[in-house]
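Structure file data_22.cif; described as mmCIF, C-alpha atoms (C1' of nucleotides).
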data_data
loop_
_atom_site.label_atom_id
_atom_site.label_comp_id
_atom_site.auth_asym_id
_atom_site.auth_seq_id
_atom_site.Cartn_x
_atom_site.Cartn_y
_atom_site.Cartn_z
CA MET F 1354 1.84 18.44 -8.61
CA ALA F 1355 4.29 16.75 -10.84
CA LEU F 1356 2.55 17.59 -14.09
CA GLY F 1357 3.92 19.61 -16.94
CA THR F 1358 1.53 22.40 -16.26
CA GLY F 1359 2.96 22.63 -12.75
CA TYR F 1360 5.37 25.24 -11.56
CA SER F 1361 8.34 23.66 -13.22
CA GLN F 1362 8.84 26.54 -15.59
CA GLN F 1363 9.72 28.57 -12.55
CA ASN F 1364 13.47 28.59 -12.54
CA CYS F 1365 13.35 28.11 -8.86
CA ASN F 1366 14.72 25.55 -6.47
CA LEU F 1367 11.75 25.82 -4.20
CA ALA F 1368 9.40 25.01 -7.05
CA ARG F 1369 11.48 22.01 -8.00
CA ALA F 1370 11.55 20.77 -4.44
CA LEU F 1371 7.79 21.11 -4.26
CA GLU F 1372 7.41 19.12 -7.47
CA VAL F 1373 8.90 16.22 -5.51
CA VAL F 1374 7.62 16.66 -1.98
CA GLY F 1375 4.86 19.24 -2.28
CA GLU F 1376 1.96 16.93 -2.87
CA ARG F 1377 -0.55 16.04 -0.25
CA TRP F 1378 0.64 13.27 2.11
CA THR F 1379 4.18 13.17 0.76
CA MET F 1380 5.74 14.93 3.72
CA LEU F 1381 3.85 12.79 6.19
CA VAL F 1382 4.98 9.63 4.44
CA LEU F 1383 8.55 10.83 4.68
CA ARG F 1384 8.22 11.79 8.31
CA ASP F 1385 7.13 8.24 9.05
CA CYS F 1386 10.11 6.94 7.11
CA PHE F 1387 12.35 8.96 9.40
CA TYR F 1388 10.61 7.33 12.34
CA GLY F 1389 11.59 3.94 10.94
CA VAL F 1390 8.44 2.92 9.09
CA ARG F 1391 9.25 0.93 5.97
CA ARG F 1392 6.20 -1.08 5.10
CA PHE F 1393 3.21 -0.21 2.93
CA SER F 1394 0.73 -1.51 5.47
CA ASP F 1395 2.26 0.41 8.36
CA LEU F 1396 2.07 3.66 6.45
CA LEU F 1397 -1.47 2.86 5.43
CA ALA F 1398 -2.59 2.22 8.99
CA HIS F 1399 -0.76 5.14 10.55
CA LEU F 1400 -1.67 7.79 8.04
CA ASP F 1401 -5.25 6.86 7.17
CA ILE F 1402 -4.38 7.40 3.56
CA SER F 1403 -6.04 5.87 0.52
CA ARG F 1404 -4.21 2.85 -0.90
CA ALA F 1405 -4.14 4.29 -4.38
CA VAL F 1406 -2.66 7.56 -3.18
CA LEU F 1407 -0.06 5.84 -1.04
CA THR F 1408 0.96 3.69 -3.99
CA ASP F 1409 1.23 6.77 -6.12
CA ARG F 1410 3.28 8.74 -3.57
CA LEU F 1411 5.69 5.91 -2.89
CA GLY F 1412 6.19 5.40 -6.60
CA ALA F 1413 6.83 9.08 -7.15
CA LEU F 1414 9.30 9.24 -4.28
CA VAL F 1415 11.15 6.23 -5.61
CA ASP F 1416 11.23 7.77 -9.08
CA ALA F 1417 12.57 10.98 -7.59
CA GLY F 1418 15.32 9.10 -5.78
CA VAL F 1419 14.08 10.00 -2.33
CA LEU F 1420 13.16 6.44 -1.40
CA VAL F 1421 14.39 3.05 -2.57
CA ARG F 1422 12.13 0.06 -2.84
CA VAL F 1423 13.91 -3.01 -1.47
CA ALA F 1424 12.20 -6.31 -2.18
CA ASP F 1425 14.44 -9.32 -2.43
CA GLY F 1426 11.82 -11.99 -2.39
CA GLY F 1427 9.73 -10.89 0.56
CA HIS F 1428 7.45 -7.93 1.02
CA PRO F 1429 8.94 -4.70 -0.26
CA GLU F 1430 10.36 -2.11 2.09
CA TYR F 1431 10.89 1.56 1.42
CA GLU F 1432 14.04 3.21 2.72
CA LEU F 1433 15.24 6.78 2.61
CA THR F 1434 18.14 7.50 0.28
CA GLU F 1435 20.73 10.16 0.95
CA ALA F 1436 18.52 12.63 -0.89
CA GLY F 1437 15.65 11.53 1.29
CA LYS F 1438 17.58 11.96 4.51
CA ALA F 1439 18.59 15.42 3.37
CA LEU F 1440 14.94 16.41 3.63
CA TRP F 1441 15.04 16.19 7.40
CA PRO F 1442 15.75 19.89 7.99
CA SER F 1443 12.69 20.81 5.94
CA ILE F 1444 10.44 18.43 7.80
CA TYR F 1445 11.80 19.52 11.15
CA ALA F 1446 11.36 23.19 10.33
CA LEU F 1447 7.77 22.73 9.23
CA SER F 1448 7.03 20.63 12.24
CA GLN F 1449 8.43 23.25 14.58
CA TRP F 1450 6.41 25.95 12.90
CA GLY F 1451 3.29 23.85 13.24
CA GLU F 1452 3.95 23.42 16.89
CA GLN F 1453 4.51 27.10 17.52
CA TYR F 1454 1.89 28.68 15.31
CA ALA F 1455 -0.70 26.11 14.37
CA SER F 1456 -1.22 24.06 17.49
CA PRO F 1457 -3.95 24.47 20.06
CA GLY F 1458 -2.13 23.80 23.35
CA SER F 1459 1.30 24.33 21.84
CA TYR F 1460 2.87 21.70 24.04
CA PRO F 1461 5.25 19.72 21.88
CA GLY F 1462 3.77 16.42 20.79
CA ARG F 1463 7.19 14.95 20.20
CA VAL F 1464 10.64 16.09 21.17
CA PHE F 1465 13.90 15.41 19.40
CA SER F 1466 17.20 14.97 21.18
CA HIS F 1467 20.77 14.53 20.14
CA ALA F 1468 21.48 10.84 20.81
CA GLU F 1469 25.08 11.40 21.81
CA CYS F 1470 24.50 13.91 24.58
CA GLY F 1471 20.76 13.61 25.20
CA THR F 1472 20.21 17.34 24.77
CA GLN F 1473 16.92 18.47 23.29
CA LEU F 1474 17.15 20.34 19.98
CA ASP F 1475 16.14 23.98 19.66
CA ARG F 1476 13.65 25.12 17.06
CA PHE F 1477 16.37 25.47 14.43
CA GLY F 1478 17.45 21.87 14.93
CA ARG F 1479 20.62 22.81 16.81
CA CYS F 1480 21.87 20.85 19.78
CA PRO F 1481 22.44 23.53 22.42
CA GLY F 1482 25.00 21.27 24.09
CA CYS F 1483 27.28 20.65 21.13
CA GLY F 1484 26.34 23.66 19.04
CA THR F 1485 26.04 21.38 16.01
CA ILE F 1486 23.05 20.53 13.85
CA PRO F 1487 22.84 16.74 14.12
CA GLY F 1488 21.55 14.68 11.19
CA PRO F 1489 18.47 12.52 11.61
CA GLU F 1490 20.57 9.40 12.22
CA ASP F 1491 21.89 11.01 15.39
CA LEU F 1492 18.51 11.84 16.85
CA VAL F 1493 16.09 10.24 19.25
CA VAL F 1494 12.35 10.95 19.02
CA ALA F 1495 10.34 10.79 22.20
CA PRO F 1496 6.76 11.65 23.09
CA GLY F 1497 6.51 15.16 24.51
CA PRO F 1498 4.28 16.69 27.19
CA GLY F 1499 1.51 17.43 24.70
CA GLU F 1500 1.02 13.82 23.76
CA ALA F 1501 -1.89 12.47 21.80
CA VAL F 1502 -5.30 13.28 23.14
CA HIS F 1503 -6.87 10.46 21.17
CA PRO F 1504 -4.23 7.74 21.25
CA ARG F 1505 -4.02 5.62 18.14
CA SER F 1506 -3.45 1.93 18.29
CA ASP F 1507 -1.67 1.15 15.04
CA ALA F 1508 1.81 -0.35 15.13
CA VAL F 1509 3.58 2.91 14.37
CA ALA F 1510 1.75 4.94 17.00
CA VAL F 1511 2.43 2.27 19.58
CA ALA F 1512 6.14 2.10 18.78
CA LEU F 1513 6.37 5.88 19.10
CA ARG F 1514 5.05 5.85 22.64
CA GLU F 1515 8.57 5.39 23.85
CA PRO F 1516 11.83 7.02 22.76
CA ARG F 1517 13.22 5.66 19.53
CA ARG F 1518 16.42 6.21 17.63
CA MET F 1519 15.40 7.67 14.32
CA LEU F 1520 15.85 5.75 11.09
CA THR F 1521 15.96 2.39 12.86
CA PRO F 1522 13.47 0.06 11.18
CA LEU F 1523 10.17 -0.35 12.98
CA ARG F 1524 10.40 -4.06 12.26
CA SER F 1525 13.55 -5.58 10.91
CA ARG F 1526 13.46 -7.76 7.81
CA SER F 1527 14.39 -10.82 9.85
CA GLU F 1528 11.54 -10.62 12.34
CA ALA F 1529 8.98 -9.47 9.83
CA MET X 924 -5.96 20.56 1.98
CA ALA X 925 -7.82 22.34 4.68
CA LEU X 926 -10.91 20.17 4.55
CA GLY X 927 -12.31 18.08 7.35
CA THR X 928 -11.27 14.93 5.61
CA GLY X 929 -7.70 16.20 5.67
CA TYR X 930 -5.02 14.96 7.97
CA SER X 931 -6.14 17.06 10.88
CA GLN X 932 -7.01 14.03 12.95
CA GLN X 933 -3.31 13.31 13.00
CA ASN X 934 -2.20 14.69 16.32
CA CYS X 935 0.86 15.98 14.60
CA ASN X 936 2.42 19.37 14.23
CA LEU X 937 3.64 18.61 10.77
CA ALA X 938 0.12 17.78 9.65
CA ARG X 939 -1.18 20.99 11.12
CA ALA X 940 1.53 23.01 9.44
CA LEU X 941 0.67 21.38 6.14
CA GLU X 942 -2.99 22.25 6.60
CA VAL X 943 -1.87 25.86 6.41
CA VAL X 944 1.03 25.90 3.97
CA GLY X 945 0.87 22.50 2.29
CA GLU X 946 -1.36 23.38 -0.59
CA ARG X 947 -0.14 23.90 -4.08
CA TRP X 948 1.29 27.40 -4.68
CA THR X 949 1.12 28.45 -1.05
CA MET X 950 4.83 28.16 -0.43
CA LEU X 951 5.68 30.00 -3.61
CA VAL X 952 3.32 32.82 -2.70
CA LEU X 953 5.03 33.11 0.66
CA ARG X 954 8.49 33.04 -0.86
CA ASP X 955 7.51 36.00 -3.00
CA CYS X 956 6.23 37.78 0.08
CA PHE X 957 9.66 37.35 1.64
CA TYR X 958 11.13 38.90 -1.48
CA GLY X 959 8.95 41.95 -0.89
CA VAL X 960 6.00 41.25 -3.17
CA ARG X 961 2.77 42.58 -1.70
CA ARG X 962 0.35 43.04 -4.56
CA PHE X 963 -2.11 40.63 -6.10
CA SER X 964 -1.11 41.52 -9.62
CA ASP X 965 2.60 41.07 -8.97
CA LEU X 966 2.05 37.60 -7.56
CA LEU X 967 -0.20 36.78 -10.48
CA ALA X 968 2.37 37.82 -13.04
CA HIS X 969 5.35 36.27 -11.33
CA LEU X 970 3.82 32.92 -10.45
CA ASP X 971 1.64 32.24 -13.50
CA ILE X 972 -1.09 31.18 -11.15
CA SER X 973 -4.80 31.19 -11.78
CA ARG X 974 -6.61 34.21 -10.36
CA ALA X 975 -9.14 32.12 -8.51
CA VAL X 976 -6.46 30.02 -6.87
CA LEU X 977 -4.41 33.04 -5.88
CA THR X 978 -7.48 34.62 -4.33
CA ASP X 979 -8.16 31.41 -2.46
CA ARG X 980 -4.58 31.04 -1.19
CA LEU X 981 -4.28 34.63 -0.04
CA GLY X 982 -7.59 34.34 1.76
CA ALA X 983 -6.55 31.13 3.47
CA LEU X 984 -3.21 32.60 4.51
CA VAL X 985 -4.93 35.66 5.94
CA ASP X 986 -7.39 33.45 7.79
CA ALA X 987 -4.51 31.42 9.17
CA GLY X 988 -2.78 34.55 10.41
CA VAL X 989 0.21 34.15 8.13
CA LEU X 990 -0.52 37.26 6.08
CA VAL X 991 -2.43 40.46 6.80
CA ARG X 992 -4.43 42.26 4.18
CA VAL X 993 -3.82 46.00 4.40
CA ALA X 994 -6.15 48.16 2.35
CA ASP X 995 -6.80 51.64 3.64
CA GLY X 996 -8.54 53.09 0.62
CA GLY X 997 -6.13 52.04 -2.08
CA HIS X 998 -5.33 48.67 -3.53
CA PRO X 999 -4.85 46.00 -0.90
CA GLU X 1000 -1.43 44.75 0.07
CA TYR X 1001 -0.51 41.50 1.73
CA GLU X 1002 2.18 41.48 4.40
CA LEU X 1003 3.74 38.68 6.38
CA THR X 1004 2.82 38.53 10.04
CA GLU X 1005 5.17 37.24 12.71
CA ALA X 1006 3.79 33.74 12.12
CA GLY X 1007 4.44 34.21 8.44
CA LYS X 1008 8.01 35.35 8.95
CA ALA X 1009 8.58 32.31 11.15
CA LEU X 1010 8.07 30.16 8.07
CA TRP X 1011 11.33 31.32 6.59
CA PRO X 1012 13.42 28.41 7.88
CA SER X 1013 11.03 25.95 6.26
CA ILE X 1014 11.13 27.73 2.94
CA TYR X 1015 14.88 28.08 3.05
CA ALA X 1016 15.37 24.40 3.91
CA LEU X 1017 13.14 23.24 1.06
CA SER X 1018 14.80 25.62 -1.31
CA GLN X 1019 18.25 24.35 -0.37
CA TRP X 1020 17.15 20.76 -0.81
CA GLY X 1021 15.73 21.60 -4.22
CA GLU X 1022 19.00 23.14 -5.22
CA GLN X 1023 21.07 20.19 -4.08
CA TYR X 1024 18.91 17.28 -5.09
CA ALA X 1025 16.35 18.40 -7.64
CA SER X 1026 18.18 20.83 -9.87
CA PRO X 1027 19.79 20.16 -13.21
CA GLY X 1028 23.00 22.18 -13.04
CA SER X 1029 22.86 22.57 -9.27
CA TYR X 1030 24.32 26.03 -9.43
CA PRO X 1031 22.43 28.15 -6.95
CA GLY X 1032 19.81 30.32 -8.63
CA ARG X 1033 19.81 32.74 -5.74
CA VAL X 1034 22.12 33.21 -2.83
CA PHE X 1035 21.29 34.58 0.59
CA SER X 1036 23.69 36.60 2.67
CA HIS X 1037 23.67 38.05 6.13
CA ALA X 1038 23.14 41.77 5.56
CA GLU X 1039 25.32 42.84 8.49
CA CYS X 1040 28.48 41.05 7.47
CA GLY X 1041 27.80 40.10 3.87
CA THR X 1042 28.62 36.44 4.48
CA GLN X 1043 26.74 33.87 2.43
CA LEU X 1044 24.57 31.47 4.44
CA ASP X 1045 25.32 27.75 4.58
CA ARG X 1046 22.69 25.18 3.72
CA PHE X 1047 21.30 25.20 7.26
CA GLY X 1048 20.76 28.95 7.11
CA ARG X 1049 23.72 29.73 9.38
CA CYS X 1050 25.99 32.68 8.81
CA PRO X 1051 29.46 31.14 8.92
CA GLY X 1052 30.89 34.48 9.94
CA CYS X 1053 28.73 35.16 12.98
CA GLY X 1054 27.70 31.62 13.75
CA THR X 1055 24.12 32.81 14.13
CA ILE X 1056 21.00 31.94 12.15
CA PRO X 1057 19.79 35.33 10.90
CA GLY X 1058 16.09 35.99 10.45
CA PRO X 1059 14.74 36.91 7.02
CA GLU X 1060 14.76 40.64 7.85
CA ASP X 1061 18.54 40.46 8.16
CA LEU X 1062 19.11 38.84 4.78
CA VAL X 1063 19.93 39.98 1.29
CA VAL X 1064 18.87 37.94 -1.74
CA ALA X 1065 21.01 38.12 -4.82
CA PRO X 1066 21.02 36.26 -8.13
CA GLY X 1067 23.46 33.34 -8.05
CA PRO X 1068 25.70 31.83 -10.70
CA GLY X 1069 22.96 29.53 -11.96
CA GLU X 1070 20.69 32.36 -12.89
CA ALA X 1071 17.57 32.00 -15.00
CA VAL X 1072 18.05 30.40 -18.37
CA HIS X 1073 14.80 31.83 -19.63
CA PRO X 1074 14.69 35.25 -18.03
CA ARG X 1075 11.22 36.49 -17.13
CA SER X 1076 10.18 40.06 -17.61
CA ASP X 1077 7.57 40.59 -14.92
CA ALA X 1078 8.16 43.24 -12.29
CA VAL X 1079 9.21 40.79 -9.60
CA ALA X 1080 11.71 38.94 -11.77
CA VAL X 1081 13.22 42.23 -12.87
CA ALA X 1082 13.55 43.53 -9.32
CA LEU X 1083 15.28 40.32 -8.30
CA ARG X 1084 18.00 40.73 -10.91
CA GLU X 1085 19.94 42.72 -8.39
CA PRO X 1086 20.56 42.19 -4.68
CA ARG X 1087 17.64 43.11 -2.49
CA ARG X 1088 17.13 43.32 1.23
CA MET X 1089 14.44 40.81 2.03
CA LEU X 1090 11.00 41.92 3.24
CA THR X 1091 11.41 45.41 1.78
CA PRO X 1092 8.34 46.17 -0.32
CA LEU X 1093 8.78 45.81 -4.04
CA ARG X 1094 6.86 49.04 -4.47
CA SER X 1095 6.07 51.22 -1.54
CA ARG X 1096 2.53 52.40 -0.90
CA SER X 1097 3.45 55.98 -1.68
CA GLU X 1098 4.92 55.38 -5.11
CA ALA X 1099 2.33 52.79 -6.11
"C1'" DT K 626 -2.77 -27.18 2.20
"C1'" DA K 627 -6.05 -23.63 3.89
"C1'" DT K 628 -6.24 -19.11 5.74
"C1'" DT K 629 -4.70 -14.63 6.59
"C1'" DT K 630 -1.87 -10.78 5.68
"C1'" DT K 631 0.32 -7.87 2.55
"C1'" DG K 632 0.85 -4.93 -1.38
"C1'" DG K 633 -1.10 -3.53 -4.51
"C1'" DT K 634 -4.93 -2.28 -8.80
"C1'" DC K 635 -9.55 -0.66 -10.37
"C1'" DT K 636 -13.84 2.03 -10.22
"C1'" DG K 637 -17.06 5.72 -9.23
"C1'" DG K 638 -18.11 10.02 -6.98
"C1'" DT K 639 -16.40 14.48 -5.29
"C1'" DG K 640 -13.55 18.23 -4.82
"C1'" DA K 641 -9.47 21.10 -6.53
"C1'" DC K 642 -7.20 23.43 -10.36
"C1'" DA K 643 -6.39 25.88 -15.00
"C1'" DA K 644 -7.85 29.12 -18.36
"C1'" DG K 645 -10.24 32.72 -19.55
"C1'" DA K 646 -14.40 35.90 -19.68
"C1'" DC K 647 -16.45 39.32 -16.91
"C1'" DT K 648 -17.08 43.24 -13.30
"C1'" DG K 649 -16.68 47.05 -10.30
"C1'" DA K 650 -13.54 49.87 -7.64
"C1'" DG K 651 -9.23 52.67 -7.83
"C1'" DT K 652 -5.98 55.37 -10.54
"C1'" DT K 653 -4.21 58.17 -14.29
"C1'" DG K 654 -4.22 61.43 -18.19
"C1'" DC K 655 -6.22 65.29 -20.03
"C1'" DG V 135 -14.55 66.18 -13.99
"C1'" DC V 136 -14.55 62.56 -17.40
"C1'" DA V 137 -12.63 58.81 -20.12
"C1'" DA V 138 -9.38 55.21 -20.31
"C1'" DC V 139 -6.95 52.08 -17.98
"C1'" DT V 140 -5.29 49.21 -14.16
"C1'" DC V 141 -6.23 46.32 -10.38
"C1'" DA V 142 -8.42 42.87 -7.57
"C1'" DG V 143 -11.13 40.12 -7.65
"C1'" DT V 144 -15.66 36.72 -9.16
"C1'" DC V 145 -17.78 33.22 -12.22
"C1'" DT V 146 -17.90 29.34 -15.50
"C1'" DT V 147 -16.41 25.25 -17.71
"C1'" DG V 148 -13.54 21.42 -18.47
"C1'" DT V 149 -9.90 18.50 -16.64
"C1'" DC V 150 -7.39 16.28 -13.18
"C1'" DA V 151 -6.37 14.57 -8.46
"C1'" DC V 152 -8.14 12.49 -4.39
"C1'" DC V 153 -11.03 9.45 -1.43
"C1'" DA V 154 -13.51 5.32 -0.21
"C1'" DG V 155 -14.06 0.98 -0.91
"C1'" DA V 156 -14.19 -3.38 -3.78
"C1'" DC V 157 -11.22 -6.59 -5.74
"C1'" DC V 158 -6.97 -9.57 -6.56
"C1'" DA V 159 -2.47 -12.11 -6.55
"C1'" DA V 160 1.62 -13.15 -4.00
"C1'" DA V 161 3.69 -14.00 0.49
"C1'" DA V 162 3.44 -15.52 5.14
"C1'" DT V 163 1.32 -18.34 8.62
"C1'" DA V 164 -1.31 -22.24 10.73
#

Please, can you express the file's structure as structure tokens?
Amino acid sequence: MALGTGYSQQNCNLARALEVVGERWTMLVLRDCFYGVRRFSDLLAHLDISRAVLTDRLGALVDAGVLVRVADGGHPEYELTEAGKALWPSIYALSQWGEQYASPGSYPGRVFSHAECGTQLDRFGRCPGCGTIPGPEDLVVAPGPGEAVHPRSDAVAVALREPRRMLTPLRSRSEA
Amino acid sequence: MALGTGYSQQNCNLARALEVVGERWTMLVLRDCFYGVRRFSDLLAHLDISRAVLTDRLGALVDAGVLVRVADGGHPEYELTEAGKALWPSIYALSQWGEQYASPGSYPGRVFSHAECGTQLDRFGRCPGCGTIPGPEDLVVAPGPGEAVHPRSDAVAVALREPRRMLTPLRSRSEA
DNA sequence: TATTTTGGTCTGGTGACAAGACTGAGTTGC
DNA sequence: GCAACTCAGTCTTGTCACCAGACCAAAATA
């Protein structure tokens, strides 16, 4: 997507956003980052993505300033930057659309709640309790009624079987 | 994107949404539909997209129930369905992110206002006046302060040089 | 120190995309 | 009513991205 012949000549914010996050897999990588995934191998196992493509996407996201690669000595970790966290509304909106218009049973696979008050978000990402639109750091993801038909066994899928505060690392550097 | 080897096995709403709208150009086609573009040739001229790809995208969107192809006798037109209109929050969110984090001058290229009260939307799509989140049919698009540096001369670009109620056809069937 | 895990790179085959020629139906001018 | 033109595609060819899987070096573990 990111090539010169792309839609960059379009003087359009949407086109520029898509240059960064519009490629295949990119959004799913970012979604996992919001869930707390930070390691190459965890993304690889959870997404069933090719190594080369994952390498490429992570590199592009780092170049774009959406992720930072942290590697002081040990294995590198990828963390969302402010710009990355600002993508949450886009991911949430797409996810909600997918649930409403592109899902078979249309039972939510995951639900998001405002951590402070425990209220479940509406489809616009608003907390009906507070009336605010909480950022991803204030949310809890939990499995919904339409949970996985074919449960996966990778580390990420397992961790997501119970409610989790978003953006908390799946494994912390210390225990890794 | 829509192939069997895609990410459909992911029991994930985001993945399913991306199966429909995640391909290159798809989002930009839809954005133009929100602006009132309905004709193949207008999309072609405004997006600088290959004919074959545009044909493919429109077909896929029709198959997915996001657009309908209306062609009683005359040239066909493509209109957003309810499912299509429901994609507006996703497009708006991406567009806002692009403006804030992926744009050079970061002056908004276009601004969106609530038609009823004329108030400009915030970055979450809320009307600060009413406190509501208006649907696309209640919005007006207007050129913003960071307008095109290299103005385009195709019909769509010209029409968008002045404020327009969203979803109103660029050219009506009668005058076409 | 030996073994395994992790985070990549490299290669070959396949599918998607860009650019442009071509075509047949719909529309317009006369 | 006919010719010219527009419109909405299809088809072809070359290039590029993606996938699967082999391979490899550094880090972690036993």

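Atom pair CA of Asp971 (chain X) / CA of Arg954 (chain X): separated by 14.4 Å.
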
Might you spell out which residues the PyMOL selection byres ((chain X) within 8 of (chain K)) would select in the displayed file, as a VMD selection string?
-> chain X and resid 973 976 997 to 998

Restricting it to C-alpha atoms, dump the selection as a PDB file, in the frame of the given file.
ATOM      1  CA  SER X 973      -4.800  31.190 -11.780  1.00  0.00           C
ATOM      2  CA  VAL X 976      -6.460  30.020  -6.870  1.00  0.00           C
ATOM      3  CA  GLY X 997      -6.130  52.040  -2.080  1.00  0.00           C
ATOM      4  CA  HIS X 998      -5.330  48.670  -3.530  1.00  0.00           C
TER       5      HIS X 998
END

In the coordinates of the file, take the point (20.6, 41.3, -7.3) and a cut-off of 10 Å; then, counting only C-alpha atoms (C1' of nucleotides), name each qualifying protein, DNA or RNA residue as a VMD selection string.
-> chain X and resid 1033 to 1034 1063 to 1067 1081 to 1088

Answer key for the PyMOL selection byres ((chain X) within 9 of (chain F)), residues as a ChimeraX atom specification = /X:924,930,932-943,945-948,950-951,954,969-972,987-988,1006,1009-1026,1031-1033,1047,1056,1070-1074

Nearest residue to chain F from the set V:DA137, V:DA156, V:DA142, V:DA161 (distances using all atoms listed in the file) |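 For chain F, the nearest of the given residues is V:DA161.
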
Please determine the contact residues of chain V with respect to chain X at a cut-off of 10 Å, counting all atoms listed in the file, and supply them as a PyMOL selection string.
-> chain V and resi 140-145+153

Given the choices F:Asp1409, F:Arg1391, F:Thr1521, F:Leu1396, which gets closest to Pro1489 (chain F) if the distance is worked out from all atoms listed in the file?
-> F:Thr1521

Tell me, as a ChimeraX atom specification, which residues lie within 9 Å of Leu1474 (chain F), counting all atoms listed in the file; anything in the same chain fewer than 5 positions away does not count.
-> /F:1464-1467,1479-1482,1486-1487

May I ask for the distance between CA of Asp955 (chain X) and CA of Glu1002 (chain X), given in Å to one decimal place?
->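 Answer for the CA of Asp955 (chain X) to CA of Glu1002 (chain X) separation: 10.6 Å.
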
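When CA of Leu990 (chain X) is paired with CA of Leu1003 (chain X), their separation reads 4.5 Å.
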
Please return region 1383-1401 of chain F, rebuilt to N, CA and C atoms, as a compact mmCIF listing (two decimals), keeping the file's coordinate frame.
# COMPACT_ATOMS: atom_id res chain seq x y z
N LEU F 1383 7.12 10.73 4.41
CA LEU F 1383 8.55 10.83 4.68
C LEU F 1383 8.83 10.94 6.18
N ARG F 1384 8.03 11.69 6.87
CA ARG F 1384 8.22 11.79 8.31
C ARG F 1384 8.18 10.40 8.93
N ASP F 1385 7.21 9.60 8.52
CA ASP F 1385 7.13 8.24 9.05
C ASP F 1385 8.36 7.42 8.67
N CYS F 1386 8.88 7.64 7.50
CA CYS F 1386 10.11 6.94 7.11
C CYS F 1386 11.25 7.30 8.06
N PHE F 1387 11.33 8.57 8.44
CA PHE F 1387 12.35 8.96 9.40
C PHE F 1387 12.14 8.26 10.74
N TYR F 1388 10.90 8.01 11.08
CA TYR F 1388 10.61 7.33 12.34
C TYR F 1388 10.91 5.83 12.25
N GLY F 1389 11.22 5.35 11.07
CA GLY F 1389 11.59 3.94 10.94
C GLY F 1389 10.55 3.07 10.25
N VAL F 1390 9.47 3.69 9.79
CA VAL F 1390 8.44 2.92 9.09
C VAL F 1390 8.94 2.58 7.70
N ARG F 1391 8.76 1.35 7.27
CA ARG F 1391 9.25 0.93 5.97
C ARG F 1391 8.24 0.15 5.16
N ARG F 1392 7.14 -0.20 5.77
CA ARG F 1392 6.20 -1.08 5.10
C ARG F 1392 4.94 -0.36 4.66
N PHE F 1393 4.44 -0.76 3.49
CA PHE F 1393 3.21 -0.21 2.93
C PHE F 1393 2.08 -0.22 3.96
N SER F 1394 1.88 -1.36 4.57
CA SER F 1394 0.73 -1.51 5.47
C SER F 1394 0.87 -0.63 6.72
N ASP F 1395 2.08 -0.44 7.18
CA ASP F 1395 2.26 0.41 8.36
C ASP F 1395 1.94 1.86 8.04
N LEU F 1396 2.39 2.30 6.87
CA LEU F 1396 2.07 3.66 6.45
C LEU F 1396 0.56 3.82 6.29
N LEU F 1397 -0.02 2.83 5.67
CA LEU F 1397 -1.47 2.86 5.43
C LEU F 1397 -2.24 3.01 6.74
N ALA F 1398 -1.86 2.21 7.73
CA ALA F 1398 -2.59 2.22 8.99
C ALA F 1398 -2.32 3.50 9.78
N HIS F 1399 -1.09 3.99 9.72
CA HIS F 1399 -0.76 5.14 10.55
C HIS F 1399 -1.25 6.45 9.98
N LEU F 1400 -1.33 6.52 8.66
CA LEU F 1400 -1.67 7.79 8.04
C LEU F 1400 -3.14 7.93 7.65
N ASP F 1401 -3.87 6.82 7.66
CA ASP F 1401 -5.25 6.86 7.17
C ASP F 1401 -5.31 7.44 5.77
